[in-house]
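Contents: one structure, followed by commentary.
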Number of protein chains: 2
Amino acid sequence: MISKATLGRLPIYLTYLKQQDSSIHDISATGIAKGLSLGDVQVRKDLSAVCGSGKPKTGYNRLELISCMEKALGYGRESEAVIVGAGKLGQALLGFRGFCEYGIELKAAFDNASERIGGAVLPIEELPAYCALHQVEIGILTVPPEAAQESAEFMVKAGIKAIWCFSSASLSLPKEICVHYENLALSLAHLKQKTV
Amino acid sequence: MISKATLGRLPIYLTYLKQQDSSIHDISATGIAKGLSLGDVQVRKDLSAVCGSGKPKTGYNRLELISCMEKALGYGRESEAVIVGAGKLGQALLGFRGFCEYGIELKAAFDNASERIGGAVLPIEELPAYCALHQVEIGILTVPPEAAQESAEFMVKAGIKAIWCFSSASLSLPKEICVHYENLALSLAHLKQKTV
């Protein structure tokens with residue numbers, strides 16, 4: 001698996017590689033590092049993680065490198081993710097541009113409050129059918145903490161295999177389900193430490 | 001500085017310590033680890049990071065440990081943070097319960113769109129006066145990418161020393177300003193990798 005740090009730099013490399021003149025066939029890690037003012041060693045490591053080691057002296061074929069990066073970012077096999085909980089955070093994420101850069105589409109959110117249903121927000125009962133139809137395996141959980149466990153279980157039943165959990169709750173789920181807890185308060189607390 | 005992982009566990013320890021019967025004066029890392037089903041080594045490391053090493057055999061004085069943790073979490077010297085950009089994400093963060101657990105208060109957001117002003121959302125022009133009055137040094141940036149640089153500069157002029165940036169932009173600021181970029185798309189992409 002590609003590290004999160006490397007993954008985060010791929011869109012930067014990709015943009016850079018695509019911006020180059022089409023007459024440029026080969027490009028070296030050093031060249032990219034210079035062009036982007038990044039460390040040579042880091043770029044070398046990142047490129048080899050997604051595209052193996054380049055050829056001695058010439059480096060990488062530019063188009064091949066682009067293709068490797070697009071593959072690593074999931075282009076061509078876009079995944080759709082769904083949101084459960086269409087409160088303010090859920091709606092903010094639904095409107096967030098930026099997921100597509102990583103081959104992820106967010107088209108629908110689900111909620112049980114009738115006043116929120118409409119547009120891209122669908123009734124929670126429709127989650128299983130939607131996930132089956134669109135082969136959705138990733139879910140974003142943005143419900144209040146007290147509703148988190150029940151909602152997560154419903155998502156798993158609907159076929160979700162990975163949950164990005166924004167609710168401050170500890171979920172008890174089958175161990176094959178991958179859960180990533182996003183603790184926003186902790187991120188801010190960590191930043192606060194640096195100001196002391 | 002306390003690591004983010006340790007910091008994240010402090011509220012759990014704190015709740016546990018406070019729940020104990022008041023007759024319990026001393027408590028050991030092993031006892032806490034058992035009570036919380038956490039690893040012994042991890043708990044020992046966490047406690048020593050915030051409260052030094054305990055006494056041999058008896059461990060820590062419970063009230064002293066509580067006091068150390070509250071100090072590490074910033075209790076008694078609560079900081080206020082402000083939000084710049086009161087769109088959906090900004091408003092979601094403004095309504096987020098959970099920051100107080102880490103000694104951070106979020107009371108106001110600032111925006112330049114008149115239709116958003118009202119309640120806890122104040123006009124952006126009032127940011128400098130607000131920060132001066134409330135001694136705010138932490139700012140959360142949730143504006144569109146194209147407005148990020150200008151907004152960040154305005155925050156720095158207003159006295160902000162640390163910025164939590166949700167805009168997908170690379171800020172160019174004086175080097176003493178601490179910036180933490182929150183790349184939500186990347187977090188989701190990383191989770192997606194695990195489902196493949």
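Following the order of the structure tokens, chains are lettered A, B, ..., residues in each are numbered from 1, and ligands are numbered from 1.
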
Backbone-only DSSP, strand (DSSP E or B) members of chain A, as number ranges by chain = A: 26-27, 55, 59-61, 79-84, 104-111, 118, 121-123, 138-141, 162-165, 178-181

message = If we count only C-alpha atoms and set the cut-off at 9 Å, which residues sit around stretch 10-26 of chain A, ignoring sequence neighbours fewer than 2 positions away in its own chain? Please answer as a PyMOL selection string.
response = chain A and resi 6-8+28+32+35-36+46-47+58-63+65-66+69-70+72-73+101-102

Would you mind aligning chain B to chain A, a least-squares fit over all C-alpha atoms taken in order, and returning the superposed chain as a compact mmCIF listing (two decimals) with C-alpha atoms, in the first residue's frame?
# COMPACT_ATOMS: atom_id res chain seq x y z
CA MET B 1 0.05 0.05 0.04
CA ILE B 2 1.23 3.54 -0.83
CA SER B 3 1.80 5.73 2.22
CA LYS B 4 -0.60 8.55 2.92
CA ALA B 5 2.18 11.11 2.51
CA THR B 6 3.16 9.76 -0.91
CA LEU B 7 -0.47 9.51 -1.97
CA GLY B 8 -0.94 13.15 -1.01
CA ARG B 9 1.86 14.25 -3.34
CA LEU B 10 0.70 12.27 -6.38
CA PRO B 11 -1.80 14.91 -7.59
CA ILE B 12 1.02 17.48 -7.46
CA TYR B 13 3.36 15.31 -9.55
CA LEU B 14 0.55 14.46 -11.92
CA THR B 15 -0.31 18.10 -12.59
CA TYR B 16 3.36 18.87 -13.13
CA LEU B 17 3.92 15.95 -15.51
CA LYS B 18 0.89 16.87 -17.58
CA GLN B 19 1.99 20.50 -17.80
CA GLN B 20 5.27 19.54 -19.48
CA ASP B 21 5.71 20.07 -23.20
CA SER B 22 4.64 17.02 -25.17
CA SER B 23 8.12 16.88 -26.72
CA ILE B 24 9.50 15.78 -23.34
CA HIS B 25 9.55 12.00 -23.39
CA ASP B 26 11.76 11.23 -20.43
CA ILE B 27 11.92 12.88 -17.06
CA SER B 28 14.05 12.15 -14.01
CA ALA B 29 13.20 12.26 -10.33
CA THR B 30 15.82 14.99 -9.95
CA GLY B 31 14.17 17.03 -12.71
CA ILE B 32 10.77 16.76 -11.06
CA ALA B 33 12.24 17.58 -7.65
CA LYS B 34 13.83 20.73 -9.06
CA GLY B 35 10.71 21.76 -10.94
CA LEU B 36 8.57 21.45 -7.83
CA SER B 37 11.16 22.60 -5.27
CA LEU B 38 10.86 19.30 -3.44
CA GLY B 39 13.56 17.12 -1.90
CA ASP B 40 15.33 14.82 -4.34
CA VAL B 41 15.25 11.78 -2.04
CA GLN B 42 11.56 12.18 -1.32
CA VAL B 43 10.60 12.44 -4.99
CA ARG B 44 12.75 9.41 -5.83
CA LYS B 45 11.02 7.38 -3.13
CA ASP B 46 7.55 8.51 -4.17
CA LEU B 47 8.12 7.68 -7.84
CA SER B 48 9.59 4.29 -7.10
CA ALA B 49 6.61 3.47 -4.86
CA VAL B 50 4.19 3.97 -7.74
CA CYS B 51 6.26 3.18 -10.83
CA GLY B 52 9.30 1.13 -9.85
CA SER B 53 12.80 2.44 -10.34
CA GLY B 54 13.45 4.51 -13.45
CA LYS B 55 16.02 3.76 -16.11
CA PRO B 56 19.57 4.82 -15.24
CA LYS B 57 20.37 8.31 -16.55
CA THR B 58 17.11 8.92 -18.47
CA GLY B 59 14.73 8.35 -15.55
CA TYR B 60 11.10 7.67 -16.39
CA ASN B 61 9.08 7.75 -19.56
CA ARG B 62 6.79 10.70 -18.87
CA LEU B 63 3.58 9.15 -20.22
CA GLU B 64 4.26 5.86 -18.45
CA LEU B 65 4.77 7.76 -15.20
CA ILE B 66 1.50 9.65 -15.71
CA SER B 67 -0.26 6.36 -16.32
CA CYS B 68 1.24 4.76 -13.17
CA MET B 69 0.14 7.72 -11.07
CA GLU B 70 -3.36 7.76 -12.45
CA LYS B 71 -3.60 4.06 -11.72
CA ALA B 72 -2.38 4.58 -8.15
CA LEU B 73 -4.92 7.36 -7.70
CA GLY B 74 -7.69 5.08 -8.89
CA TYR B 75 -8.46 6.84 -12.18
CA GLY B 76 -10.47 4.67 -14.53
CA ARG B 77 -11.82 2.69 -11.60
CA GLU B 78 -13.51 5.52 -9.74
CA SER B 79 -15.18 4.48 -6.51
CA GLU B 80 -18.31 5.98 -5.18
CA ALA B 81 -18.67 6.73 -1.50
CA VAL B 82 -21.85 7.59 0.37
CA ILE B 83 -22.52 9.81 3.35
CA VAL B 84 -24.74 8.71 6.21
CA GLY B 85 -25.98 11.71 8.17
CA ALA B 86 -26.86 14.81 6.17
CA GLY B 87 -26.38 17.36 8.92
CA LYS B 88 -24.08 20.34 8.43
CA LEU B 89 -20.90 18.28 8.25
CA GLY B 90 -22.44 15.68 5.93
CA GLN B 91 -23.70 18.39 3.61
CA ALA B 92 -20.37 20.19 3.73
CA LEU B 93 -18.59 17.01 2.65
CA LEU B 94 -21.19 16.37 -0.03
CA GLY B 95 -20.43 19.77 -1.54
CA PHE B 96 -16.68 19.38 -1.19
CA ARG B 97 -14.73 19.56 -4.42
CA GLY B 98 -11.50 17.63 -4.16
CA PHE B 99 -12.42 13.99 -3.70
CA CYS B 100 -12.43 13.45 -7.48
CA GLU B 101 -8.70 14.18 -7.53
CA TYR B 102 -8.33 10.85 -5.78
CA GLY B 103 -10.78 8.92 -7.93
CA ILE B 104 -13.65 9.13 -5.46
CA GLU B 105 -17.16 10.31 -6.25
CA LEU B 106 -19.59 11.54 -3.64
CA LYS B 107 -23.07 11.80 -5.08
CA ALA B 108 -25.49 10.95 -2.32
CA ALA B 109 -26.08 11.35 1.37
CA PHE B 110 -28.64 9.46 3.44
CA ASP B 111 -30.65 10.64 6.40
CA ASN B 112 -33.70 9.65 8.40
CA ALA B 113 -35.02 13.18 8.92
CA SER B 114 -37.71 13.90 6.34
CA GLU B 115 -36.95 17.64 6.29
CA ARG B 116 -33.44 16.91 5.01
CA ILE B 117 -34.51 14.59 2.19
CA GLY B 118 -34.32 16.08 -1.29
CA GLY B 119 -31.73 16.65 -4.00
CA ALA B 120 -28.72 14.50 -3.22
CA VAL B 121 -30.08 13.57 0.21
CA LEU B 122 -32.01 10.30 0.12
CA PRO B 123 -33.99 8.45 2.80
CA ILE B 124 -31.79 6.12 4.84
CA GLU B 125 -34.02 3.16 3.88
CA GLU B 126 -32.72 3.45 0.33
CA LEU B 127 -29.09 2.93 1.36
CA PRO B 128 -28.93 -0.86 0.77
CA ALA B 129 -30.45 -0.64 -2.71
CA TYR B 130 -28.25 2.33 -3.62
CA CYS B 131 -25.05 0.62 -2.44
CA ALA B 132 -25.93 -2.57 -4.31
CA LEU B 133 -26.72 -0.70 -7.53
CA HIS B 134 -23.65 1.54 -7.45
CA GLN B 135 -21.29 -0.99 -5.86
CA VAL B 136 -20.50 1.36 -3.02
CA GLU B 137 -18.04 0.03 -0.44
CA ILE B 138 -16.98 3.24 1.30
CA GLY B 139 -19.20 5.14 3.71
CA ILE B 140 -18.76 8.39 5.57
CA LEU B 141 -20.47 8.50 8.93
CA THR B 142 -21.52 11.95 10.11
CA VAL B 143 -24.39 11.25 12.48
CA PRO B 144 -24.57 12.30 16.16
CA PRO B 145 -22.50 9.99 18.44
CA GLU B 146 -25.58 8.34 19.92
CA ALA B 147 -26.73 7.18 16.48
CA ALA B 148 -23.30 6.08 15.28
CA GLN B 149 -23.33 2.37 16.22
CA GLU B 150 -26.76 1.68 14.78
CA SER B 151 -26.01 3.61 11.60
CA ALA B 152 -22.67 1.84 11.16
CA GLU B 153 -24.32 -1.58 11.50
CA PHE B 154 -26.87 -0.57 8.88
CA MET B 155 -24.05 0.52 6.56
CA VAL B 156 -22.26 -2.80 6.98
CA LYS B 157 -25.47 -4.67 6.17
CA ALA B 158 -25.75 -2.51 3.05
CA GLY B 159 -22.35 -3.75 1.90
CA ILE B 160 -20.06 -0.98 3.13
CA LYS B 161 -16.55 -2.31 3.83
CA ALA B 162 -14.79 0.84 5.01
CA ILE B 163 -16.17 3.58 7.23
CA TRP B 164 -14.75 7.05 7.74
CA CYS B 165 -16.23 7.95 11.10
CA PHE B 166 -16.59 11.59 12.17
CA SER B 167 -18.82 10.76 15.14
CA SER B 168 -16.96 10.65 18.42
CA ALA B 169 -17.97 7.07 19.11
CA SER B 170 -16.16 3.79 19.32
CA LEU B 171 -17.81 1.43 16.84
CA SER B 172 -18.12 -2.26 17.48
CA LEU B 173 -18.18 -3.93 14.05
CA PRO B 174 -17.03 -7.17 12.40
CA LYS B 175 -13.25 -7.09 12.27
CA GLU B 176 -13.08 -7.22 8.46
CA ILE B 177 -14.67 -3.77 8.36
CA CYS B 178 -12.06 -1.04 8.13
CA VAL B 179 -12.87 2.00 10.28
CA HIS B 180 -10.95 5.25 10.25
CA TYR B 181 -11.90 7.64 13.03
CA GLU B 182 -11.54 11.30 12.22
CA ASN B 183 -11.06 13.18 15.47
CA LEU B 184 -11.30 16.82 14.45
CA ALA B 185 -11.07 18.06 18.03
CA LEU B 186 -7.80 16.18 18.47
CA SER B 187 -6.31 17.72 15.34
CA LEU B 188 -7.10 21.17 16.64
CA ALA B 189 -5.78 20.31 20.11
CA HIS B 190 -2.53 19.14 18.57
CA LEU B 191 -2.21 22.42 16.68
CA LYS B 192 -2.96 24.34 19.88
CA GLN B 193 -0.01 22.66 21.61
CA LYS B 194 2.27 24.28 19.08
CA THR B 195 1.12 27.78 20.02
CA VAL B 196 1.93 27.40 23.70
